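For reference, input.tsv (TSV, C-alpha atoms and all ligand atoms):
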chain	number	residue	atom	x	y	z
A	1	MET	CA	-0.17	-8.82	-32.92
A	2	ALA	CA	-3.12	-7.53	-30.92
A	3	LEU	CA	-3.18	-3.76	-30.78
A	4	ILE	CA	-6.11	-2.29	-28.90
A	5	THR	CA	-7.50	1.19	-28.38
A	6	LEU	CA	-7.80	2.82	-25.00
A	7	ARG	CA	-11.55	3.12	-25.45
A	8	GLN	CA	-12.11	-0.60	-25.96
A	9	LEU	CA	-9.73	-1.49	-23.15
A	10	LEU	CA	-11.31	0.86	-20.62
A	11	ASP	CA	-14.83	-0.17	-21.66
A	12	HIS	CA	-13.82	-3.74	-20.80
A	13	ALA	CA	-12.26	-2.59	-17.53
A	14	SER	CA	-15.44	-0.74	-16.64
A	15	GLN	CA	-17.70	-3.66	-17.52
A	16	ASN	CA	-15.58	-5.95	-15.37
A	17	GLY	CA	-14.80	-3.55	-12.52
A	18	TYR	CA	-11.04	-3.33	-12.81
A	19	GLY	CA	-8.39	-0.63	-13.33
A	20	MET	CA	-5.59	-0.49	-15.90
A	21	PRO	CA	-2.14	0.62	-14.80
A	22	ALA	CA	-0.73	2.82	-17.56
A	23	PHE	CA	3.00	2.30	-17.39
A	24	ASN	CA	5.32	4.97	-18.79
A	25	ILE	CA	8.14	3.49	-20.78
A	26	THR	CA	11.40	5.34	-21.29
A	27	ASN	CA	13.75	2.75	-22.75
A	28	LEU	CA	13.98	-0.85	-23.92
A	29	GLU	CA	14.27	-2.34	-20.46
A	30	THR	CA	11.21	-0.60	-19.02
A	31	MET	CA	9.18	-1.78	-21.99
A	32	GLN	CA	10.48	-5.34	-21.66
A	33	ALA	CA	9.66	-5.36	-17.97
A	34	VAL	CA	6.09	-4.12	-18.45
A	35	MET	CA	5.51	-6.75	-21.13
A	36	GLU	CA	7.00	-9.55	-19.05
A	37	ALA	CA	4.82	-8.60	-16.09
A	38	ALA	CA	1.74	-8.60	-18.31
A	39	ASP	CA	2.68	-11.99	-19.72
A	40	LYS	CA	3.19	-13.45	-16.24
A	41	THR	CA	-0.22	-12.19	-15.09
A	42	ASN	CA	-2.22	-12.59	-18.34
A	43	SER	CA	-2.94	-8.85	-18.32
A	44	PRO	CA	-3.79	-6.48	-21.15
A	45	VAL	CA	-1.11	-3.84	-21.58
A	46	LEU	CA	-1.32	-0.08	-21.53
A	47	LEU	CA	2.04	1.36	-22.57
A	48	GLN	CA	2.47	5.10	-22.65
A	49	ALA	CA	5.22	7.38	-23.85
A	50	SER	CA	5.55	11.07	-23.08
A	51	ARG	CA	6.93	13.67	-25.46
A	52	THR	CA	10.15	13.58	-23.46
A	53	ALA	CA	10.33	9.81	-23.85
A	54	ARG	CA	9.70	10.11	-27.59
A	55	ASN	CA	12.53	12.63	-27.89
A	56	TYR	CA	14.86	10.49	-25.80
A	57	MET	CA	14.28	7.27	-27.71
A	58	GLY	CA	13.50	8.76	-31.13
A	59	ASP	CA	10.16	8.03	-32.79
A	60	LYS	CA	11.52	5.42	-35.19
A	61	PHE	CA	13.12	3.35	-32.42
A	62	LEU	CA	10.03	3.73	-30.27
A	63	GLN	CA	7.71	2.69	-33.07
A	64	HIS	CA	9.70	-0.46	-33.72
A	65	MET	CA	9.89	-1.23	-30.01
A	66	PHE	CA	6.11	-0.94	-29.71
A	67	MET	CA	5.64	-3.29	-32.67
A	68	ALA	CA	8.23	-5.70	-31.31
A	69	ALA	CA	6.45	-5.77	-27.96
A	70	ALA	CA	3.10	-6.53	-29.58
A	71	GLU	CA	4.60	-9.14	-31.92
A	72	THR	CA	6.55	-10.87	-29.16
A	73	TYR	CA	3.38	-11.26	-27.08
A	74	PRO	CA	0.63	-11.76	-29.72
A	75	HIS	CA	-1.76	-13.12	-27.07
A	76	LEU	CA	-1.75	-9.83	-25.10
A	77	PRO	CA	-3.85	-6.82	-26.19
A	78	VAL	CA	-1.48	-3.84	-26.27
A	79	CYS	CA	-2.59	-0.21	-26.23
A	80	MET	CA	0.00	2.37	-27.33
A	81	HIS	CA	-0.86	5.68	-25.74
A	82	LEU	CA	0.68	9.15	-26.05
A	83	ASP	CA	1.04	10.70	-22.58
A	84	HIS	CA	0.45	14.47	-22.25
A	85	GLY	CA	0.23	15.52	-25.87
A	86	ASN	CA	0.47	19.33	-25.81
A	87	GLU	CA	-1.12	20.25	-29.15
A	88	LEU	CA	-2.76	18.80	-32.24
A	89	ASP	CA	0.54	18.39	-34.15
A	90	THR	CA	2.06	16.24	-31.40
A	91	CYS	CA	-1.04	14.05	-31.34
A	92	MET	CA	-1.10	13.80	-35.14
A	93	SER	CA	2.51	12.66	-35.32
A	94	ALA	CA	1.77	10.01	-32.68
A	95	MET	CA	-1.29	8.80	-34.61
A	96	ASP	CA	0.80	8.64	-37.78
A	97	MET	CA	3.38	6.43	-36.12
A	98	GLY	CA	0.83	3.90	-34.86
A	99	PHE	CA	-0.32	5.02	-31.41
A	100	THR	CA	-3.82	3.65	-30.82
A	101	SER	CA	-4.60	6.35	-28.27
A	102	VAL	CA	-3.48	9.90	-27.55
A	103	MET	CA	-3.79	12.28	-24.65
A	104	MET	CA	-4.48	15.90	-25.51
A	105	ASP	CA	-3.63	17.71	-22.29
A	106	GLY	CA	-5.35	21.03	-22.81
A	107	SER	CA	-5.31	21.86	-19.11
A	108	LEU	CA	-2.05	23.60	-19.95
A	109	GLU	CA	-1.26	25.65	-23.00
A	110	ALA	CA	1.00	24.23	-25.71
A	111	ASP	CA	4.08	25.26	-23.70
A	112	ALA	CA	3.01	22.59	-21.15
A	113	LYS	CA	3.51	25.17	-18.39
A	114	THR	CA	0.76	27.79	-18.50
A	115	PRO	CA	-2.68	26.86	-17.12
A	116	SER	CA	-5.19	27.33	-19.92
A	117	GLU	CA	-8.66	28.80	-20.15
A	118	TYR	CA	-11.57	26.35	-20.24
A	119	ASP	CA	-12.59	27.37	-23.78
A	120	TYR	CA	-9.05	26.81	-25.05
A	121	ASN	CA	-9.03	23.34	-23.53
A	122	VAL	CA	-12.38	22.45	-25.13
A	123	ALA	CA	-11.30	23.75	-28.54
A	124	GLU	CA	-7.89	22.02	-28.59
A	125	THR	CA	-9.23	18.74	-27.25
A	126	SER	CA	-12.19	18.72	-29.64
A	127	SER	CA	-9.88	19.24	-32.62
A	128	VAL	CA	-7.89	16.16	-31.62
A	129	VAL	CA	-11.03	14.11	-30.99
A	130	GLU	CA	-12.37	14.98	-34.42
A	131	VAL	CA	-9.28	13.68	-36.22
A	132	ALA	CA	-8.63	10.74	-33.91
A	133	HIS	CA	-12.12	9.29	-33.94
A	134	THR	CA	-12.34	9.26	-37.72
A	135	ARG	CA	-9.25	7.03	-37.52
A	136	GLY	CA	-10.68	4.88	-34.70
A	137	ILE	CA	-8.08	6.22	-32.25
A	138	SER	CA	-9.01	7.09	-28.66
A	139	VAL	CA	-8.48	10.40	-26.88
A	140	GLU	CA	-7.86	11.20	-23.24
A	141	GLY	CA	-8.45	14.79	-22.14
A	142	GLU	CA	-7.58	16.57	-18.90
A	143	LEU	CA	-9.54	19.08	-16.87
A	144	GLY	CA	-7.98	20.75	-13.82
A	145	VAL	CA	-4.30	21.38	-13.15
A	146	LEU	CA	-2.14	18.85	-11.35
A	147	GLY	CA	-0.44	20.17	-8.25
A	148	SER	CA	-0.27	20.01	-4.50
A	149	LEU	CA	-3.29	20.76	-2.30
A	150	GLU	CA	-0.80	20.82	0.57
A	151	THR	CA	1.27	23.74	-0.71
A	152	GLY	CA	-0.93	25.13	-3.50
A	153	MET	CA	2.04	24.82	-5.83
A	154	GLY	CA	1.91	23.57	-9.40
A	155	GLU	CA	3.90	20.46	-10.00
A	156	LYS	CA	6.88	21.51	-12.06
A	157	GLU	CA	9.29	18.62	-11.90
A	158	ASP	CA	11.46	17.25	-14.69
A	159	GLY	CA	10.87	20.39	-16.73
A	160	HIS	CA	7.13	20.33	-17.30
A	161	GLY	CA	4.01	21.34	-15.42
A	162	PHE	CA	3.11	24.71	-13.95
A	163	GLU	CA	5.56	26.45	-11.62
A	164	GLY	CA	3.88	28.70	-9.08
A	165	MET	CA	0.85	29.02	-6.83
A	166	LEU	CA	-2.58	27.88	-7.90
A	167	ALA	CA	-5.97	28.43	-6.30
A	168	ARG	CA	-7.59	25.37	-4.72
A	169	ASN	CA	-10.34	25.41	-7.33
A	170	GLN	CA	-7.74	25.19	-10.12
A	171	LEU	CA	-6.21	22.15	-8.43
A	172	LEU	CA	-9.53	20.31	-8.26
A	173	THR	CA	-11.64	19.34	-11.24
A	174	ASP	CA	-15.10	20.82	-10.97
A	175	PRO	CA	-17.69	18.02	-11.38
A	176	ASP	CA	-20.19	20.19	-13.29
A	177	GLU	CA	-17.50	21.50	-15.60
A	178	ALA	CA	-16.39	17.89	-16.14
A	179	CYS	CA	-19.89	17.04	-17.42
A	180	ASP	CA	-19.78	19.96	-19.87
A	181	PHE	CA	-16.26	19.09	-20.96
A	182	VAL	CA	-17.03	15.46	-21.74
A	183	ALA	CA	-20.19	16.38	-23.63
A	184	ALA	CA	-18.45	19.19	-25.55
A	185	THR	CA	-15.35	17.24	-26.55
A	186	GLY	CA	-16.44	13.60	-26.77
A	187	VAL	CA	-13.25	12.37	-25.06
A	188	ASP	CA	-12.98	8.67	-24.29
A	189	ALA	CA	-11.33	9.20	-20.92
A	190	LEU	CA	-10.94	12.15	-18.60
A	191	ALA	CA	-7.91	12.91	-16.45
A	192	VAL	CA	-8.94	14.74	-13.30
A	193	ALA	CA	-7.11	16.85	-10.75
A	194	CYS	CA	-7.55	15.70	-7.15
A	195	GLY	CA	-4.26	16.60	-5.44
A	196	THR	CA	-1.92	14.14	-7.13
A	197	SER	CA	1.15	15.37	-8.96
A	198	HIS	CA	3.89	13.85	-11.06
A	199	GLY	CA	7.20	12.72	-9.62
A	200	ALA	CA	8.32	11.56	-6.20
A	201	TYR	CA	7.41	14.59	-4.09
A	202	LYS	CA	3.64	14.39	-3.93
A	203	PHE	CA	2.90	14.65	-0.21
A	204	SER	CA	4.99	15.47	2.87
A	205	LYS	CA	2.93	13.06	4.97
A	206	ARG	CA	0.65	10.12	4.37
A	207	PRO	CA	-2.21	11.87	2.55
A	208	ASN	CA	-5.63	12.38	4.09
A	209	GLY	CA	-8.80	13.65	2.40
A	210	ASP	CA	-7.68	17.29	2.61
A	211	ILE	CA	-4.67	16.82	0.39
A	212	LEU	CA	-5.81	13.85	-1.70
A	213	ALA	CA	-9.39	14.66	-2.59
A	214	MET	CA	-10.83	11.27	-3.47
A	215	ASN	CA	-14.25	12.73	-2.73
A	216	VAL	CA	-13.92	14.88	-5.85
A	217	ILE	CA	-13.44	11.74	-7.91
A	218	GLU	CA	-16.52	10.25	-6.28
A	219	GLN	CA	-18.55	13.36	-7.10
A	220	ILE	CA	-17.39	13.32	-10.73
A	221	HIS	CA	-18.20	9.62	-11.03
A	222	GLU	CA	-21.68	10.23	-9.66
A	223	LYS	CA	-22.33	12.80	-12.39
A	224	LEU	CA	-20.50	10.91	-15.14
A	225	PRO	CA	-20.93	7.22	-14.34
A	226	HIS	CA	-20.01	6.11	-17.88
A	227	THR	CA	-16.90	8.22	-18.29
A	228	HIS	CA	-13.55	6.55	-17.74
A	229	LEU	CA	-11.55	8.59	-15.24
A	230	VAL	CA	-7.77	8.81	-15.23
A	231	MET	CA	-5.52	9.35	-12.24
A	232	HIS	CA	-2.20	10.94	-13.14
A	233	GLY	CA	0.64	11.06	-10.64
A	234	ALA	CA	-0.53	7.74	-9.20
A	235	SER	CA	2.84	6.28	-8.18
A	236	THR	CA	2.94	5.06	-4.59
A	237	VAL	CA	6.59	6.08	-4.09
A	238	PRO	CA	7.00	3.08	-1.79
A	239	GLN	CA	9.20	3.33	1.26
A	240	TYR	CA	11.25	0.28	0.23
A	241	LEU	CA	12.30	2.05	-2.98
A	242	GLN	CA	13.17	5.28	-1.15
A	243	ASP	CA	15.29	3.14	1.21
A	244	LEU	CA	16.87	1.24	-1.67
A	245	ILE	CA	17.99	4.51	-3.24
A	246	ASN	CA	19.11	6.15	0.01
A	247	GLN	CA	20.97	3.10	1.27
A	248	HIS	CA	23.05	2.97	-1.89
A	249	GLY	CA	24.36	6.47	-2.28
A	250	GLY	CA	21.14	8.32	-3.10
A	251	ASP	CA	19.71	11.27	-1.21
A	252	ILE	CA	15.93	11.44	-1.40
A	253	PRO	CA	14.13	13.39	1.32
A	254	GLN	CA	11.30	11.49	3.00
A	255	THR	CA	8.23	11.67	0.79
A	256	PHE	CA	4.83	10.04	0.29
A	257	GLY	CA	2.98	8.88	-2.81
A	258	VAL	CA	-0.59	7.78	-3.43
A	259	PRO	CA	-1.45	4.89	-1.09
A	260	LEU	CA	-2.57	1.78	-2.95
A	261	GLU	CA	-5.81	1.70	-0.92
A	262	GLU	CA	-6.71	5.10	-2.37
A	263	VAL	CA	-6.11	3.84	-5.89
A	264	GLU	CA	-8.35	0.85	-5.13
A	265	ARG	CA	-10.96	3.26	-3.81
A	266	GLY	CA	-10.67	5.21	-7.06
A	267	ILE	CA	-11.17	2.06	-9.13
A	268	LYS	CA	-14.45	1.50	-7.29
A	269	CYS	CA	-15.62	4.92	-8.46
A	270	GLY	CA	-14.70	5.05	-12.12
A	271	VAL	CA	-10.91	5.43	-12.20
A	272	ARG	CA	-9.94	3.08	-15.02
A	273	LYS	CA	-6.47	4.33	-16.00
A	274	ILE	CA	-3.80	4.72	-13.34
A	275	ASN	CA	-0.59	6.39	-14.51
A	276	ILE	CA	2.68	5.05	-13.14
A	277	ASP	CA	6.10	6.31	-14.09
A	278	THR	CA	8.00	7.37	-10.96
A	279	ASP	CA	7.79	3.96	-9.23
A	280	ILE	CA	9.35	2.34	-12.31
A	281	ARG	CA	12.15	4.91	-12.42
A	282	MET	CA	12.85	4.42	-8.72
A	283	ALA	CA	12.89	0.62	-8.99
A	284	LEU	CA	15.24	0.65	-11.94
A	285	SER	CA	17.62	3.36	-10.80
A	286	GLY	CA	17.66	2.15	-7.16
A	287	SER	CA	18.60	-1.33	-8.32
A	288	MET	CA	21.36	0.08	-10.50
A	289	ARG	CA	22.75	2.01	-7.54
A	290	GLU	CA	22.67	-1.15	-5.42
A	291	PHE	CA	24.42	-3.22	-8.06
A	292	LEU	CA	27.10	-0.63	-8.74
A	293	LEU	CA	27.86	-0.09	-5.07
A	294	ASN	CA	28.17	-3.83	-4.50
A	295	ASN	CA	30.13	-4.45	-7.70
A	296	ARG	CA	32.56	-1.57	-7.93
A	297	SER	CA	34.62	-3.02	-10.74
A	298	SER	CA	31.66	-3.84	-12.97
A	299	PHE	CA	30.91	-1.89	-16.11
A	300	ASP	CA	28.88	-4.49	-17.98
A	301	LEU	CA	25.70	-2.57	-18.75
A	302	ARG	CA	23.67	-5.76	-18.98
A	303	ALA	CA	24.69	-6.86	-15.51
A	304	ILE	CA	24.05	-3.37	-14.15
A	305	ILE	CA	20.54	-3.01	-15.60
A	306	LYS	CA	19.25	-6.58	-15.21
A	307	PRO	CA	18.38	-6.56	-11.46
A	308	GLY	CA	16.40	-3.34	-11.96
A	309	ARG	CA	14.48	-4.79	-14.87
A	310	LYS	CA	13.55	-7.74	-12.64
A	311	ARG	CA	12.38	-5.39	-9.90
A	312	VAL	CA	10.22	-3.49	-12.40
A	313	VAL	CA	8.64	-6.78	-13.54
A	314	GLU	CA	7.74	-7.56	-9.92
A	315	LEU	CA	6.34	-4.08	-9.31
A	316	CYS	CA	4.22	-4.06	-12.47
A	317	ALA	CA	2.94	-7.60	-11.90
A	318	LYS	CA	1.82	-6.58	-8.39
A	319	ARG	CA	-0.05	-3.57	-9.77
A	320	ASN	CA	-1.73	-5.77	-12.40
A	321	GLU	CA	-2.90	-8.15	-9.67
A	322	LEU	CA	-4.04	-5.44	-7.30
A	323	PHE	CA	-5.90	-3.34	-9.84
A	324	GLY	CA	-7.70	-6.43	-11.16
A	325	CYS	CA	-6.50	-6.55	-14.77
A	326	ALA	CA	-4.56	-9.77	-14.18
A	327	GLY	CA	-6.31	-12.66	-15.92
A	328	MET	CA	-8.17	-10.37	-18.35
A	329	ALA	CA	-5.93	-10.47	-21.46
A	330	ASP	CA	-7.48	-13.55	-23.01
A	331	LYS	CA	-11.00	-12.29	-22.37
A	332	ILE	CA	-10.64	-9.36	-24.80
A	333	LYS	CA	-10.95	-9.52	-28.58
A	334	PRO	CA	-9.38	-6.31	-29.90
A	335	LEU	CA	-11.31	-4.44	-32.57
A	336	SER	CA	-9.38	-2.93	-35.46
A	337	LEU	CA	-9.07	0.83	-35.85
A	338	SER	CA	-11.50	0.76	-38.77
A	339	GLN	CA	-14.05	-1.13	-36.67
A	340	MET	CA	-13.60	1.50	-33.96
A	341	ALA	CA	-13.94	4.30	-36.53
A	342	ASP	CA	-17.26	2.80	-37.69
A	343	ARG	CA	-18.49	2.76	-34.11
A	344	TYR	CA	-17.56	6.40	-33.57
A	345	ALA	CA	-19.26	7.32	-36.85
A	346	ALA	CA	-22.39	5.54	-35.63
A	347	GLY	CA	-22.28	7.68	-32.47
A	348	ILE	CA	-22.13	4.69	-30.15
A	349	PHE	CA	-19.47	5.97	-27.77
A	350	ARG	CA	-20.44	9.62	-27.66
A	351	SER	CA	-23.89	8.88	-26.26
A	352	LYS	CA	-22.38	6.55	-23.66
A	353	ALA	CA	-19.72	9.04	-22.51
A	354	ALA	CA	-22.05	11.91	-21.68
B	401	LIG	O1	4.05	13.34	-17.36
B	401	LIG	C1	4.75	12.76	-16.57
B	401	LIG	C2	5.39	11.50	-16.87
B	401	LIG	O2	5.94	10.97	-15.70
B	401	LIG	C3	6.39	11.61	-17.97
B	401	LIG	O3	7.52	12.30	-17.56
B	401	LIG	O4	8.11	13.82	-19.47
B	401	LIG	O5	9.83	13.10	-17.81
B	401	LIG	O6	8.91	11.48	-19.47
B	401	LIG	P1	8.66	12.71	-18.63
B	402	LIG	P1	3.94	9.39	-11.44
B	402	LIG	O1	5.00	10.43	-11.52
B	402	LIG	O2	3.23	9.42	-10.13
B	402	LIG	O3	4.44	8.03	-11.75
B	402	LIG	O4	2.82	9.74	-12.54
B	402	LIG	C1	3.04	9.45	-13.89
B	402	LIG	C2	2.04	10.10	-14.78
B	402	LIG	O5	1.02	10.60	-14.36
B	402	LIG	C3	2.33	10.10	-16.21
B	402	LIG	O6	1.42	10.84	-16.96
B	403	ZN	ZN	0.60	12.59	-16.19
Take the structure from the file and write it as structure tokens.
Ligand code: G3H
Ligand code: 13P
Ligand code: ZN
Amino acid sequence: MALITLRQLLDHASQNGYGMPAFNITNLETMQAVMEAADKTNSPVLLQASRTARNYMGDKFLQHMFMAAAETYPHLPVCMHLDHGNELDTCMSAMDMGFTSVMMDGSLEADAKTPSEYDYNVAETSSVVEVAHTRGISVEGELGVLGSLETGMGEKEDGHGFEGMLARNQLLTDPDEACDFVAATGVDALAVACGTSHGAYKFSKRPNGDILAMNVIEQIHEKLPHTHLVMHGASTVPQYLQDLINQHGGDIPQTFGVPLEEVERGIKCGVRKINIDTDIRMALSGSMREFLLNNRSSFDLRAIIKPGRKRVVELCAKRNELFGCAGMADKIKPLSLSQMADRYAAGIFRSKAA
């Protein structure tokens, strides 16, 4: 079993100029598919689970699934990351169940809806960093609120995120504030706001620089060249998956995700973690729709889910290839949490981050 921390993984990605897709897992099949894709492409693995996913699966099942994934593929470094932790307690319970990395999303208050004050974000994130680093566990923070630069709206979808209008400066991470935030908190990775949002409805047209502000990422990278940046809401929402869903009984209005070229551009300027959930959901559910429509008498769950799992393997393998982490798994020797804790205690990472 080769568990790895986010910090070590992203340091390797940075040293070798690649990006890590962070795949959200929501059930057994999505986890199996991500692992199979990593195995096929010799890629390290960054699995993440949201609070909603933890509730859906139950922590005990999830914990055993994580361990089973790592044990089944002992040659692959596997990072277990908590996505959008909302407060210290949530992060603590994830650390206690074996996550090697947690996100403390202090851009919103603990209700995961209300945009927070900067000082609140620093205080909450710092309290998580303090505990996590003594245990060798990594922390991702977030500065700036995700939402649409097209409409100015927060990104409430699936029950979380802010609902309502935001000012443009709230929707874009300020590069100077990012420097202060990283220095004040000591986070290992920083999620930034640049016009992406969660879910399928990111842009009403193919995004240009006005509504997907890659220049903000470039400015942040210039000021913080050693900080690992994270792009949330990075699904591409590909046309073929919209068609798959719509041609088999679905009804998704035309929408646009983050073009892969923009993600590649991000990787060139410090984006090391690229969060992908929606594309996986679309691939799996679209395939299920297709199978069910073509096999109206079938109710064998295995037959219904299998084509979708295969499609998710293909999608994830393609992302691994494109982002450059394919071929990297056997080049990494994971450090244990106690080795990481010693490094934090020696101040090695803090001086590099700021
Ligand atoms: O944060 C957004 C991720 O896509 C997770 O979504 O909370 O519905 O699992 P979720
Ligand atoms: P998508 O909804 O674009 O897949 O983003 C997922 C994400 O950012 C999870 O934190
Ligand atoms: Zn996210």
Quick one: residues within 9 Å of Met35 of chain A, all atoms listed in the file, excluding same-chain residues fewer than 4 positions away - as a PyMOL selection string? chain A and resi 30-31+39-40+45+47+69-70+73+76+313
Cut-off 9 Å: closest chain A/ligand LIG 401 (chain B) atom pairs per residue, using only C-alpha atoms and all ligand atoms, as a tab-separated table:
residue	atom	partner	partner_atom	distance
A:Asn24	CA	B:LIG401	C3	6.8
A:Ile25	CA	B:LIG401	O6	8.1
A:Thr26	CA	B:LIG401	O6	6.9
A:Gln48	CA	B:LIG401	C3	8.9
A:Ala49	CA	B:LIG401	O6	7.0
A:Ser50	CA	B:LIG401	O6	4.9
A:Arg51	CA	B:LIG401	O4	6.1
A:Thr52	CA	B:LIG401	O4	4.5
A:Ala53	CA	B:LIG401	O6	4.9
A:Arg54	CA	B:LIG401	O6	8.3
A:Tyr56	CA	B:LIG401	O6	8.7
A:Asp83	CA	B:LIG401	O1	6.6
A:His84	CA	B:LIG401	O1	6.2
A:Glu157	CA	B:LIG401	O5	8.1
A:Asp158	CA	B:LIG401	O5	5.4
A:Gly159	CA	B:LIG401	O5	7.4
A:His160	CA	B:LIG401	O4	6.9
A:Gly161	CA	B:LIG401	O1	8.2
A:Ser197	CA	B:LIG401	C1	8.8
A:His198	CA	B:LIG401	C1	5.7
A:Gly199	CA	B:LIG401	O2	6.5
A:His232	CA	B:LIG401	O1	7.9
A:Gly233	CA	B:LIG401	O2	7.3
A:Asn275	CA	B:LIG401	O2	8.1
A:Ile276	CA	B:LIG401	O2	7.2
A:Asp277	CA	B:LIG401	O2	4.9
A:Thr278	CA	B:LIG401	O2	6.3
Which of these residues is nearest to ligand ZN 403 (chain B), using all atoms listed in the file: A:Thr227, A:Gln254, A:Thr196, A:Ser287?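 Closest residue, counting all atoms listed in the file: A:Thr196.
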For atom CA of Val122 of chain A and atom CA of Phe349 of chain A, the interatomic separation in Å (one decimal):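 Between these atoms lies a distance of 18.1 Å.
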Hey, what's within 9 Å of Thr173 of chain A if we count all atoms listed in the file and toss same-chain stuff fewer than 2 positions away? As a PyMOL selection string, please? chain A and resi 143-145+169-171+175-178+192-194+216-217+220
Counting all atoms listed in the file, find residues at most 12 Å from (26.6, 4.8, 1.9) (file frame) and give them as a ChimeraX atom specification. /A:243-251,289-290,292-294
Box centre and edge lengths (Å, one decimal), axis-aligned, segment 287-294 of chain A plus 4 Å each side, as AutoDock Vina command-line options:
--center_x 23.4 --center_y -0.9 --center_z -7.5 --size_x 17.6 --size_y 13.8 --size_z 14.0
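Minimum distance to ligand LIG 402 (chain B) across A:Glu150, A:Asp119, A:Glu262, A:Asp105 (counting only C-alpha atoms and all ligand atoms) occurs at A:Asp105.
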Nearby residues (only C-alpha atoms) at most 8 Å from Glu29 of chain A, same-chain spacing under 3 positions excluded, as a list in words: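 Surrounding residues, per the criterion: Gln32, Ala33, Ile305 and Arg309 of chain A.
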Take atom CA of Leu335 of chain A and atom CA of Met103 of chain A and report the distance between them in Å, one decimal.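 Separating atom CA of Leu335 of chain A from atom CA of Met103 of chain A is a distance of 20.0 Å.
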Which residue of A:Gln242, A:Asn320, A:Ser235, A:Thr90 approaches ligand LIG 402 (chain B) most closely, using all atoms listed in the file: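 Distance minimum relative to ligand LIG 402 (chain B) lands on A:Ser235.
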So that I can see what lies close to Lys331 of chain A, please list as a list in words the residues with an atom at most 10 Å from it, counting only C-alpha atoms and leaving out residues fewer than 5 positions away in the same chain.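 Non-adjacent residues within range: His12, Asn42, Ser43, Pro44, Leu76 and Pro77 of chain A.
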Pick from A:Ala110, A:Ala326, A:Ala234, A:Ala303, whichever lies nearest to ligand LIG 402 (chain B) using only C-alpha atoms and all ligand atoms: A:Ala234
Within 12 Å of Ser336 of chain A, counting all atoms listed in the file, which residues qualify if same-chain residues fewer than 3 places away don't, as a PyMOL selection string? chain A and resi 1-5+7-8+77+79+100+135-137+333+339-343
What does the distance from atom CA of Gly186 of chain A to atom CA of Arg272 of chain A come to in Å, to one decimal?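 These atoms are spaced 17.1 Å apart.
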